[in-house]
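Visitor: I have a structure here, written as structure tokens, and I will follow up with some questions on it.
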2 protein chains.
Amino acid sequence: MKRPLILVSNDDGITSKGIRHLVETMKSLGEVVVVAPNSPQSGMGHAITIGNTLRLDPTDIYGSDVQAYECSGTPADCVKLAKHHVLKDRNADLIVSGINHGSNTSISVLYSGTMSAAIEGAVEGVPSIGFSLCDYGHDADFDHTLPYVKAIAEQVLKTGLPKYTTLNVNFPPKRNEDLKGVKICRQAHAKWQEEFDQRYDPNGRRYFWMAGNFVNHDKGEDNDEWAIANNYVSVVPCQFDLTAHHTISVLNDEWDINIK
Amino acid sequence: MKRPLILVSNDDGITSKGIRHLVETMKSLGEVVVVAPNSPQSGMGHAITIGNTLRLDPTDIYGSDVQAYECSGTPADCVKLAKHHVLKDRNADLIVSGINHGSNTSISVLYSGTMSAAIEGAVEGVPSIGFSLCDYGHDADFDHTLPYVKAIAEQVLKTGLPKYTTLNVNFPPKRNEDLKGVKICRQAHAKWQEEFDQRYDPNGRRYFWMAGNFVNHDKGEDNDEWAIANNYVSVVPCQFDLTAHHTISVLNDEWDINIK
């Protein structure tokens with residue numbers, strides 16, 4: 001069988017610990033090409049670079065058997081450049097993003113650079129997975145996640161994914177007990193409750209830091225927050241049609257807009 | 001009746017023509033507060049500023065009857081700062097974003113800063129609308145859109161929206177015939193086919209510009225691309241749960257992951 005071609009990206013930057021683990025794990029499954037940001041891009045959501053230029057420079061940090069590039073753009077830019085410039089006529093069999101240093105459960109999927117790379121893969125019709133560890137430490141322990149990263153990637157390489165879907169995979173932080181297994185979940189209904197820390201710079205001008213707490217409003221047990229809290233790996237299949245389909249008939253019933 | 005409190009933001013920046021039209025139109029409906037980026041933020045998707053500081057400075061460009069602030073952050077940052085710092089204990093009755101200089105139909109909702117402000121409003125449970133004109137010109141003619149902007153905002157102020165939904169409203173460019181009316185639509189299945197224009201800087205280092213064409217794969221007539229092509233105003237109700245709910249049972253059926 002032909003070795004699968006696997007594109008790896010992330011949002012923490014090409015030198016972060018999480019992507020190094022992901023590259024090592026993918027090397028056991030196929031040919032690996034890395035296109036990842038040259039600086040941290042957390043919270044970049046699905047941003048793309050349209051009013052500015054992009055840099056893409058080869059790097060040998062992953063050795064001679066891994067073609068790797070560092071990119072000045074966002075995670076979505078990296079996947080676009082990989083597809084249309086680096087890979088060109090070759091098609092990736094799998095796109096993986098991460099392993100993110102920090103949770104991307106629930107509403108965080110909207111703000112996540114990690115998931116934007118995976119969603120961009122889904123837009124291109126390539127089976128894609130975003131991996132995140134619910135531990136923000138730069139030296140977080142990823143060892144408990146790696147057998148699952150490999151198994152989930154193998155499963156997707158084997159069976160594919162429904163077209164235009166991607167997986168949002170989150171791992172609990174390393175605890176004293178083994179992970180309990182995988183739960184296929186929906187996205188929990190939770191949100192960030194922001195607080196802004198107001199300060200003054202040395203010139204007396206005001207500035208802010210965004211801070212805040214994650215608040216889970218979801219009482220269900222079929223969602224990713226529940227899975228992580230109960231030491232399961234959460235796998236949420238995601239799609240990118242934002243249409244609230246059930247609302248179309250409501251608006252068609254209720255609205256009465258006549259412009260004379 | 002109490003005058004409604006309307007928060008206005010956008011992604012083209014606080015001085016763009018589109019937001020100036022939106023502020024003027026909203027002044028006829030209620031008390032207007034503006035928190036908008038101090039520079040263009042197109043293509044920022046749902047990015048937020050978490051590794052850097054934010055500026056928020058008052059400005060009198062909208063006169064003494066409009067409380068206005070320019071912000072160094074993204075559209076999503078603007079809505080968060082507006083809610084948690086500027087408005088504090090007051091609740092907006094409506095959040096409007098735009099009027100964007102350029103289309104946000106179909107897949108562009110993912111990349112759109114305009115829509116990220118509206119989606120952020122929906123996350124906060126506030127009825128929200130993103131408005132976009134399918135004309136990228138800085139001096140585009142918005143006159144044909146304004147009666148619809150007002151009517152749609154009035155309708156939402158009157159009847160609200162289903163909780164956690166927002167509207168993605170796009171207008172055809174000014175043509176020789178009148179707009180035909182409003183179509184409630186789903187998001188078309190279309191994508192950007194990128195091309196990267198490779199150049200070299202004065203030091204001989206390579207860089208890229210992202211370019212490309214919008215390709216519509218959708219043969220349906222119930223979507224926003226069809227509506228715009230046929231001179232209708234498109235209104236797509238949107239939500240922010242990315243779960244591919246129908247895929248959960250597929251994965252539960254097909255997957256077999258056992259980690260020893």
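Every chain in the structure tokens takes a letter, A first, then B, and so on in the order presented; its residues are numbered from 1, and the ligands are numbered from 1 following the presented order.
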Taking 5 positions as the minimum chain separation for residues in the same chain, which residues sit within 8 Å of Met26 of chain B when counting only C-alpha atoms? Answer as JSON, numbers by chain.
Guide: {"B": [6, 31, 32, 150]}
Visitor: Name the residues in contact with Glu177 of chain A at a cut-off of 12 Å, using only C-alpha atoms, excluding same-chain residues fewer than 6 positions from it; report them as a JSON list (two decimals) with all heavy atoms, in the first residue's frame.
Guide:
[["chain", "number", "residue", "atom", "x", "y", "z"],
["A", 144, "HIS", "N", 0.23, 10.57, 27.60],
["A", 144, "HIS", "CA", -1.01, 9.79, 27.68],
["A", 144, "HIS", "C", -1.88, 9.97, 26.44],
["A", 144, "HIS", "O", -2.78, 9.18, 26.18],
["A", 144, "HIS", "CB", -1.79, 10.16, 28.95],
["A", 144, "HIS", "CG", -2.23, 11.60, 29.01],
["A", 144, "HIS", "ND1", -1.36, 12.66, 28.87],
["A", 144, "HIS", "CD2", -3.46, 12.16, 29.19],
["A", 144, "HIS", "CE1", -2.03, 13.80, 28.96],
["A", 144, "HIS", "NE2", -3.29, 13.53, 29.15],
["A", 230, "ASN", "N", -14.75, 13.95, 32.91],
["A", 230, "ASN", "CA", -14.82, 12.57, 33.37],
["A", 230, "ASN", "C", -13.70, 11.69, 32.81],
["A", 230, "ASN", "O", -13.82, 10.46, 32.79],
["A", 230, "ASN", "CB", -16.20, 12.00, 33.02],
["A", 230, "ASN", "CG", -17.27, 12.60, 33.92],
["A", 230, "ASN", "OD1", -17.50, 12.13, 35.03],
["A", 230, "ASN", "ND2", -17.89, 13.69, 33.46],
["A", 231, "ASN", "N", -12.63, 12.35, 32.36],
["A", 231, "ASN", "CA", -11.40, 11.67, 31.94],
["A", 231, "ASN", "C", -11.51, 10.82, 30.68],
["A", 231, "ASN", "O", -10.78, 9.85, 30.50],
["A", 231, "ASN", "CB", -10.82, 10.84, 33.10],
["A", 231, "ASN", "CG", -9.30, 10.82, 33.08],
["A", 231, "ASN", "OD1", -8.68, 11.79, 32.61],
["A", 231, "ASN", "ND2", -8.69, 9.75, 33.54],
["A", 232, "TYR", "N", -12.47, 11.21, 29.80],
["A", 232, "TYR", "CA", -12.55, 10.61, 28.47],
["A", 232, "TYR", "C", -11.89, 11.54, 27.43],
["A", 232, "TYR", "O", -11.85, 12.75, 27.62],
["A", 232, "TYR", "CB", -14.01, 10.42, 28.05],
["A", 232, "TYR", "CG", -14.73, 9.31, 28.76],
["A", 232, "TYR", "CD1", -15.52, 9.58, 29.88],
["A", 232, "TYR", "CD2", -14.66, 8.00, 28.29],
["A", 232, "TYR", "CE1", -16.20, 8.56, 30.53],
["A", 232, "TYR", "CE2", -15.34, 6.98, 28.94],
["A", 232, "TYR", "CZ", -16.09, 7.26, 30.06],
["A", 232, "TYR", "OH", -16.77, 6.25, 30.70]]
Visitor: Residues of chain A within 7 Å of chain B, counting only C-alpha atoms - could you list those as a short mmCIF file (atom, residue, chain, number, x, y, z; two decimals) with all heavy atoms, in the first residue's frame?
Guide:
data_model
loop_
_atom_site.label_atom_id
_atom_site.label_comp_id
_atom_site.auth_asym_id
_atom_site.auth_seq_id
_atom_site.Cartn_x
_atom_site.Cartn_y
_atom_site.Cartn_z
N GLY A 43 -5.87 31.77 19.34
CA GLY A 43 -6.99 32.71 19.31
C GLY A 43 -7.21 33.36 17.97
O GLY A 43 -7.99 34.31 17.85
N MET A 44 -6.53 32.89 16.93
CA MET A 44 -6.66 33.53 15.62
C MET A 44 -7.93 33.14 14.90
O MET A 44 -8.21 33.65 13.82
CB MET A 44 -5.45 33.21 14.73
CG MET A 44 -4.22 33.98 15.07
SD MET A 44 -4.51 35.78 15.10
CE MET A 44 -4.41 36.16 13.34
N GLY A 45 -8.71 32.22 15.47
CA GLY A 45 -9.95 31.83 14.80
C GLY A 45 -9.67 31.45 13.37
O GLY A 45 -8.63 30.88 13.05
N HIS A 46 -10.61 31.79 12.49
CA HIS A 46 -10.43 31.41 11.10
C HIS A 46 -9.84 32.56 10.28
O HIS A 46 -10.17 32.74 9.09
CB HIS A 46 -11.75 30.92 10.51
CG HIS A 46 -11.53 29.84 9.50
ND1 HIS A 46 -11.64 28.50 9.80
CD2 HIS A 46 -11.15 29.88 8.21
CE1 HIS A 46 -11.36 27.79 8.73
NE2 HIS A 46 -11.06 28.60 7.74
N ALA A 47 -8.96 33.34 10.91
CA ALA A 47 -8.37 34.49 10.21
C ALA A 47 -7.51 34.03 9.04
O ALA A 47 -6.85 33.00 9.09
CB ALA A 47 -7.53 35.31 11.19
N ILE A 48 -7.53 34.83 7.97
CA ILE A 48 -6.63 34.64 6.83
C ILE A 48 -5.97 35.97 6.52
O ILE A 48 -6.45 37.03 6.93
CB ILE A 48 -7.37 34.11 5.58
CG1 ILE A 48 -8.59 35.00 5.26
CG2 ILE A 48 -7.79 32.66 5.76
CD1 ILE A 48 -9.27 34.66 3.95
N THR A 49 -4.85 35.92 5.80
CA THR A 49 -4.07 37.12 5.52
C THR A 49 -4.40 37.61 4.11
O THR A 49 -3.94 37.03 3.13
CB THR A 49 -2.57 36.79 5.65
OG1 THR A 49 -2.35 36.28 6.97
CG2 THR A 49 -1.71 38.02 5.41
N ILE A 50 -5.24 38.66 4.03
CA ILE A 50 -5.63 39.13 2.71
C ILE A 50 -5.12 40.53 2.40
O ILE A 50 -5.04 40.90 1.25
CB ILE A 50 -7.15 39.06 2.49
CG1 ILE A 50 -7.89 39.73 3.65
CG2 ILE A 50 -7.62 37.63 2.33
CD1 ILE A 50 -9.40 39.67 3.49
N THR A 53 1.35 40.53 3.05
CA THR A 53 2.11 39.49 2.37
C THR A 53 2.35 38.31 3.32
O THR A 53 2.22 38.44 4.53
CB THR A 53 3.47 40.03 1.91
OG1 THR A 53 4.17 40.52 3.06
CG2 THR A 53 3.28 41.16 0.91
N LEU A 54 2.72 37.19 2.72
CA LEU A 54 3.01 35.97 3.49
C LEU A 54 4.42 35.50 3.19
O LEU A 54 4.87 35.52 2.04
CB LEU A 54 2.03 34.86 3.08
CG LEU A 54 0.61 34.99 3.60
CD1 LEU A 54 -0.33 34.08 2.84
CD2 LEU A 54 0.57 34.67 5.10
N ARG A 55 5.10 35.04 4.22
CA ARG A 55 6.41 34.39 4.06
C ARG A 55 6.25 32.89 4.24
O ARG A 55 5.44 32.44 5.07
CB ARG A 55 7.39 34.90 5.12
CG ARG A 55 7.72 36.36 5.04
CD ARG A 55 8.70 36.64 3.92
NE ARG A 55 9.15 38.03 3.96
CZ ARG A 55 10.02 38.53 3.08
NH1 ARG A 55 10.51 37.78 2.10
NH2 ARG A 55 10.39 39.79 3.16
N LEU A 56 7.03 32.13 3.51
CA LEU A 56 7.03 30.68 3.65
C LEU A 56 8.46 30.22 3.44
O LEU A 56 8.99 30.30 2.32
CB LEU A 56 6.11 30.06 2.60
CG LEU A 56 6.00 28.53 2.64
CD1 LEU A 56 5.12 28.09 3.81
CD2 LEU A 56 5.40 28.00 1.32
N HIS A 84 -1.98 24.67 -2.02
CA HIS A 84 -1.89 25.29 -3.35
C HIS A 84 -0.46 25.61 -3.79
O HIS A 84 -0.22 25.86 -4.95
CB HIS A 84 -2.75 26.55 -3.41
CG HIS A 84 -4.19 26.26 -3.21
ND1 HIS A 84 -4.97 25.68 -4.18
CD2 HIS A 84 -5.00 26.41 -2.12
CE1 HIS A 84 -6.19 25.51 -3.71
NE2 HIS A 84 -6.25 25.94 -2.47
N LEU A 110 -14.65 28.10 17.95
CA LEU A 110 -14.79 29.32 17.13
C LEU A 110 -13.52 30.16 17.12
O LEU A 110 -13.20 30.81 16.13
CB LEU A 110 -15.88 30.23 17.68
CG LEU A 110 -17.34 29.90 17.47
CD1 LEU A 110 -18.17 31.08 17.98
CD2 LEU A 110 -17.65 29.63 16.01
N TYR A 111 -12.82 30.19 18.26
CA TYR A 111 -11.66 31.07 18.43
C TYR A 111 -10.35 30.35 18.12
O TYR A 111 -9.29 30.97 18.09
CB TYR A 111 -11.60 31.57 19.88
CG TYR A 111 -12.87 32.19 20.38
CD1 TYR A 111 -13.69 31.54 21.29
CD2 TYR A 111 -13.26 33.45 19.93
CE1 TYR A 111 -14.86 32.11 21.74
CE2 TYR A 111 -14.44 34.03 20.38
CZ TYR A 111 -15.23 33.35 21.29
OH TYR A 111 -16.40 33.92 21.73
N PRO A 147 -1.03 7.45 22.21
CA PRO A 147 -1.66 6.25 21.63
C PRO A 147 -3.02 6.57 21.00
O PRO A 147 -3.39 5.98 19.98
CB PRO A 147 -1.83 5.33 22.86
CG PRO A 147 -0.84 5.84 23.86
CD PRO A 147 -0.74 7.31 23.63
N ALA A 151 -4.20 6.20 17.13
CA ALA A 151 -5.35 5.33 16.82
C ALA A 151 -6.43 6.11 16.06
O ALA A 151 -7.04 5.58 15.11
CB ALA A 151 -5.93 4.75 18.12
N ILE A 184 -17.66 9.96 21.52
CA ILE A 184 -18.09 10.79 20.40
C ILE A 184 -19.15 11.74 20.95
O ILE A 184 -20.14 11.28 21.54
CB ILE A 184 -18.68 9.95 19.24
CG1 ILE A 184 -17.82 8.72 18.96
CG2 ILE A 184 -18.88 10.81 18.01
CD1 ILE A 184 -16.46 9.01 18.41
N CYS A 185 -18.93 13.04 20.82
CA CYS A 185 -19.71 14.04 21.55
C CYS A 185 -20.26 15.12 20.64
O CYS A 185 -19.82 15.28 19.51
CB CYS A 185 -18.82 14.78 22.56
SG CYS A 185 -17.99 13.77 23.75
N ARG A 186 -21.19 15.88 21.20
CA ARG A 186 -21.52 17.18 20.61
C ARG A 186 -20.75 18.27 21.37
O ARG A 186 -20.26 18.03 22.48
CB ARG A 186 -23.03 17.44 20.69
CG ARG A 186 -23.57 17.52 22.10
CD ARG A 186 -25.04 17.91 22.12
NE ARG A 186 -25.53 17.81 23.49
CZ ARG A 186 -25.37 18.78 24.41
NH1 ARG A 186 -24.75 19.89 24.10
NH2 ARG A 186 -25.82 18.60 25.64
N GLN A 187 -20.67 19.44 20.73
CA GLN A 187 -20.05 20.63 21.34
C GLN A 187 -20.91 21.09 22.52
O GLN A 187 -22.11 21.29 22.36
CB GLN A 187 -19.98 21.69 20.23
CG GLN A 187 -19.63 23.09 20.62
CD GLN A 187 -19.67 24.01 19.37
OE1 GLN A 187 -19.39 23.59 18.24
NE2 GLN A 187 -20.01 25.26 19.57
N GLU A 194 -15.90 37.08 29.95
CA GLU A 194 -14.70 37.91 29.94
C GLU A 194 -14.67 38.93 31.08
O GLU A 194 -15.71 39.41 31.53
CB GLU A 194 -14.58 38.71 28.63
CG GLU A 194 -13.97 37.95 27.52
CD GLU A 194 -15.00 37.11 26.79
OE1 GLU A 194 -16.21 37.36 26.96
OE2 GLU A 194 -14.60 36.20 26.06
N GLU A 195 -13.44 39.22 31.47
CA GLU A 195 -13.19 40.39 32.31
C GLU A 195 -12.03 41.10 31.67
O GLU A 195 -11.15 40.47 31.08
CB GLU A 195 -12.83 39.98 33.73
CG GLU A 195 -14.05 39.48 34.48
CD GLU A 195 -13.65 38.70 35.73
OE1 GLU A 195 -12.53 38.92 36.25
OE2 GLU A 195 -14.46 37.86 36.17
N ARG A 206 -4.16 54.37 28.68
CA ARG A 206 -4.85 53.18 29.15
C ARG A 206 -4.72 52.02 28.17
O ARG A 206 -4.72 52.22 26.96
CB ARG A 206 -6.33 53.53 29.32
CG ARG A 206 -7.17 52.45 29.93
CD ARG A 206 -8.59 52.95 30.12
NE ARG A 206 -9.22 53.23 28.82
CZ ARG A 206 -10.54 53.35 28.64
NH1 ARG A 206 -11.35 53.27 29.68
NH2 ARG A 206 -11.03 53.59 27.45
N TYR A 207 -4.62 50.79 28.70
CA TYR A 207 -4.74 49.59 27.86
C TYR A 207 -5.41 48.49 28.66
O TYR A 207 -5.64 48.64 29.86
CB TYR A 207 -3.37 49.15 27.32
CG TYR A 207 -2.40 48.64 28.36
CD1 TYR A 207 -2.26 47.27 28.60
CD2 TYR A 207 -1.61 49.52 29.10
CE1 TYR A 207 -1.37 46.79 29.56
CE2 TYR A 207 -0.72 49.05 30.06
CZ TYR A 207 -0.61 47.69 30.28
OH TYR A 207 0.27 47.24 31.23
N PHE A 208 -5.75 47.40 27.97
CA PHE A 208 -6.49 46.30 28.59
C PHE A 208 -5.84 44.96 28.28
O PHE A 208 -5.26 44.76 27.21
CB PHE A 208 -7.93 46.24 28.04
CG PHE A 208 -8.77 47.42 28.36
CD1 PHE A 208 -8.77 48.53 27.52
CD2 PHE A 208 -9.57 47.45 29.49
CE1 PHE A 208 -9.56 49.64 27.80
CE2 PHE A 208 -10.36 48.54 29.78
CZ PHE A 208 -10.36 49.65 28.94
N TRP A 209 -5.98 44.03 29.23
CA TRP A 209 -5.74 42.60 28.97
C TRP A 209 -7.08 41.89 29.06
O TRP A 209 -7.84 42.09 29.99
CB TRP A 209 -4.80 41.99 30.02
CG TRP A 209 -3.37 42.36 29.90
CD1 TRP A 209 -2.70 43.25 30.69
CD2 TRP A 209 -2.42 41.85 28.94
NE1 TRP A 209 -1.39 43.33 30.29
CE2 TRP A 209 -1.19 42.49 29.22
CE3 TRP A 209 -2.48 40.94 27.91
CZ2 TRP A 209 -0.03 42.22 28.49
CZ3 TRP A 209 -1.34 40.67 27.17
CH2 TRP A 209 -0.12 41.32 27.46
N MET A 210 -7.35 41.04 28.06
CA MET A 210 -8.55 40.22 28.13
C MET A 210 -8.29 39.05 29.08
O MET A 210 -7.26 38.38 28.97
CB MET A 210 -8.90 39.68 26.74
CG MET A 210 -10.27 39.01 26.70
SD MET A 210 -10.64 38.24 25.09
CE MET A 210 -10.69 39.65 24.00
N VAL A 236 -15.50 15.47 18.75
CA VAL A 236 -16.68 16.12 18.21
C VAL A 236 -16.54 16.23 16.70
O VAL A 236 -15.63 16.91 16.21
CB VAL A 236 -16.87 17.54 18.81
CG1 VAL A 236 -18.09 18.23 18.19
CG2 VAL A 236 -17.01 17.48 20.32
N PRO A 237 -17.41 15.55 15.93
CA PRO A 237 -17.39 15.78 14.48
C PRO A 237 -17.95 17.17 14.20
O PRO A 237 -18.98 17.55 14.76
CB PRO A 237 -18.32 14.68 13.94
CG PRO A 237 -19.20 14.30 15.08
CD PRO A 237 -18.44 14.58 16.35
N CYS A 238 -17.24 17.95 13.36
CA CYS A 238 -17.62 19.35 13.10
C CYS A 238 -17.86 19.57 11.60
O CYS A 238 -17.27 18.89 10.76
CB CYS A 238 -16.51 20.29 13.53
SG CYS A 238 -16.22 20.31 15.29
N GLN A 239 -18.68 20.54 11.30
CA GLN A 239 -18.90 20.96 9.91
C GLN A 239 -18.91 22.49 9.87
O GLN A 239 -18.89 23.14 10.91
CB GLN A 239 -20.19 20.35 9.38
CG GLN A 239 -21.40 20.57 10.28
CD GLN A 239 -22.06 21.90 10.05
OE1 GLN A 239 -22.21 22.31 8.92
NE2 GLN A 239 -22.44 22.57 11.14
N PHE A 240 -18.95 23.06 8.69
CA PHE A 240 -18.77 24.52 8.59
C PHE A 240 -19.94 25.24 7.93
O PHE A 240 -19.79 26.36 7.47
CB PHE A 240 -17.46 24.83 7.85
CG PHE A 240 -17.33 24.12 6.52
CD1 PHE A 240 -17.89 24.67 5.38
CD2 PHE A 240 -16.68 22.91 6.44
CE1 PHE A 240 -17.80 24.01 4.17
CE2 PHE A 240 -16.58 22.23 5.22
CZ PHE A 240 -17.14 22.80 4.09
N ASP A 241 -21.10 24.58 7.90
CA ASP A 241 -22.31 25.28 7.47
C ASP A 241 -22.92 25.91 8.72
O ASP A 241 -23.43 25.20 9.59
CB ASP A 241 -23.29 24.30 6.82
CG ASP A 241 -24.59 24.98 6.41
OD1 ASP A 241 -24.72 26.20 6.60
OD2 ASP A 241 -25.48 24.28 5.89
N LEU A 242 -22.85 27.24 8.82
CA LEU A 242 -23.37 27.91 10.02
C LEU A 242 -24.87 28.17 9.96
O LEU A 242 -25.45 28.71 10.90
CB LEU A 242 -22.63 29.25 10.25
CG LEU A 242 -21.12 29.21 10.43
CD1 LEU A 242 -20.64 30.55 10.96
CD2 LEU A 242 -20.68 28.11 11.37
N THR A 243 -25.51 27.81 8.84
CA THR A 243 -26.94 28.07 8.71
C THR A 243 -27.72 27.46 9.87
O THR A 243 -27.54 26.28 10.18
CB THR A 243 -27.50 27.47 7.40
OG1 THR A 243 -26.69 27.91 6.31
CG2 THR A 243 -28.95 27.90 7.18
N ALA A 244 -28.59 28.26 10.48
CA ALA A 244 -29.53 27.74 11.48
C ALA A 244 -30.76 27.28 10.70
O ALA A 244 -31.75 28.01 10.59
CB ALA A 244 -29.87 28.83 12.50
N HIS A 245 -30.66 26.06 10.13
CA HIS A 245 -31.68 25.62 9.17
C HIS A 245 -33.10 25.68 9.73
O HIS A 245 -34.04 26.04 9.03
CB HIS A 245 -31.35 24.21 8.68
CG HIS A 245 -30.17 24.15 7.78
ND1 HIS A 245 -30.24 24.42 6.44
CD2 HIS A 245 -28.86 23.91 8.02
CE1 HIS A 245 -29.04 24.33 5.89
NE2 HIS A 245 -28.18 24.02 6.84
N THR A 247 -34.32 27.71 11.61
CA THR A 247 -34.81 29.08 11.78
C THR A 247 -35.36 29.67 10.48
O THR A 247 -36.08 30.66 10.48
CB THR A 247 -33.67 29.96 12.35
OG1 THR A 247 -33.24 29.39 13.59
CG2 THR A 247 -34.10 31.38 12.59
N ILE A 248 -35.02 29.05 9.35
CA ILE A 248 -35.46 29.59 8.06
C ILE A 248 -36.99 29.65 8.00
O ILE A 248 -37.58 30.68 7.64
CB ILE A 248 -34.89 28.75 6.89
CG1 ILE A 248 -33.37 28.96 6.80
CG2 ILE A 248 -35.56 29.11 5.57
CD1 ILE A 248 -32.67 28.13 5.73
N ASN A 252 -39.49 32.87 7.72
CA ASN A 252 -40.44 32.94 6.61
C ASN A 252 -41.88 33.08 7.11
O ASN A 252 -42.71 33.72 6.47
CB ASN A 252 -40.32 31.70 5.71
CG ASN A 252 -39.24 31.88 4.64
OD1 ASN A 252 -39.08 32.98 4.09
ND2 ASN A 252 -38.51 30.83 4.35
N ILE A 257 -41.59 42.12 5.70
CA ILE A 257 -40.80 43.29 5.30
C ILE A 257 -41.20 43.68 3.89
O ILE A 257 -40.93 42.97 2.93
CB ILE A 257 -39.29 42.97 5.32
CG1 ILE A 257 -38.86 42.62 6.75
CG2 ILE A 257 -38.49 44.15 4.81
CD1 ILE A 257 -37.39 42.41 6.90
N ILE A 259 -40.66 46.82 1.37
CA ILE A 259 -40.01 48.12 1.12
C ILE A 259 -40.71 48.73 -0.09
O ILE A 259 -40.76 48.13 -1.16
CB ILE A 259 -38.51 47.95 0.81
CG1 ILE A 259 -37.83 47.10 1.88
CG2 ILE A 259 -37.84 49.30 0.66
CD1 ILE A 259 -37.62 47.77 3.20
#
Visitor: If we count only C-alpha atoms, what is near Ile95 of chain A at a cut-off of 6 Å, once residues fewer than 5 positions away on the same chain are taken out, given as a compact mmCIF listing (two decimals) with N, CA, C and O atoms, in the first residue's frame?
Guide:
# COMPACT_ATOMS: atom_id res chain seq x y z
N ILE A 6 0.64 12.97 4.85
CA ILE A 6 0.00 13.62 6.00
C ILE A 6 0.55 15.03 6.18
O ILE A 6 1.76 15.22 6.35
N LEU A 7 -0.34 16.01 6.13
CA LEU A 7 0.05 17.40 6.36
C LEU A 7 -0.18 17.75 7.83
O LEU A 7 -1.25 17.49 8.37
N VAL A 8 0.84 18.35 8.45
CA VAL A 8 0.74 18.71 9.87
C VAL A 8 0.84 20.22 10.02
O VAL A 8 1.72 20.87 9.42
N SER A 128 -9.64 15.57 8.08
CA SER A 128 -8.83 16.45 8.93
C SER A 128 -9.18 16.28 10.40
O SER A 128 -10.34 15.98 10.72
Visitor: Give me, please, the distance in Å between atom CA of Leu87 of chain B and atom CA of Asn213 of chain A, quoted to one decimal.
Guide: 19.2 Å
Visitor: Pick from A:Asn203, A:Asn91, A:Asn216, A:Ser39: nearest to Leu5 of chain A, with only C-alpha atoms counted?
Guide: A:Asn91
Visitor: List the neighbours of Ser97 of chain B out to 9 Å using only C-alpha atoms; skip same-chain residues closer than 4 positions along the sequence, and give me the result as an MDAnalysis selection string.
Guide: chainID B and resid 7:11 19 22 75 114:118 128:132
Visitor: Grab the atom CA of Gly121 of chain A to atom CA of Gly98 of chain A distance for me, in Å with one decimal place.
Guide: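 Atom-to-atom, atom CA of Gly121 of chain A and atom CA of Gly98 of chain A are spaced 13.4 Å apart.
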Visitor: Would you mind reading off the distance between atom CA of Gly13 of chain B and atom CA of Asn38 of chain B, one decimal, in Å?
Guide: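 Atom CA of Gly13 of chain B sits 5.4 Å away from atom CA of Asn38 of chain B.
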Visitor: Within segment 23-219 of chain B, find each residue whose DSSP state, derived from the backbone, is strand (DSSP E or B), and express the selection as JSON, numbers by chain.
Guide: {"B": [31, 32, 33, 34, 35, 36, 37, 54, 56, 57, 58, 59, 67, 68, 69, 70, 71, 94, 95, 96, 97, 98, 99, 100, 101, 128, 129, 130, 131, 132, 133, 166, 167, 168, 169, 170, 171, 182, 183, 184, 186, 190, 191, 192, 193, 194, 195, 196, 197, 198, 199, 200, 206, 207, 208, 209, 210, 211, 212, 213, 214, 215, 216]}
Visitor: Got a sec to tell me which of segment 145-214 of chain A DSSP assigns to helix (DSSP H, G or I), as a count of residues only?
Guide: 15
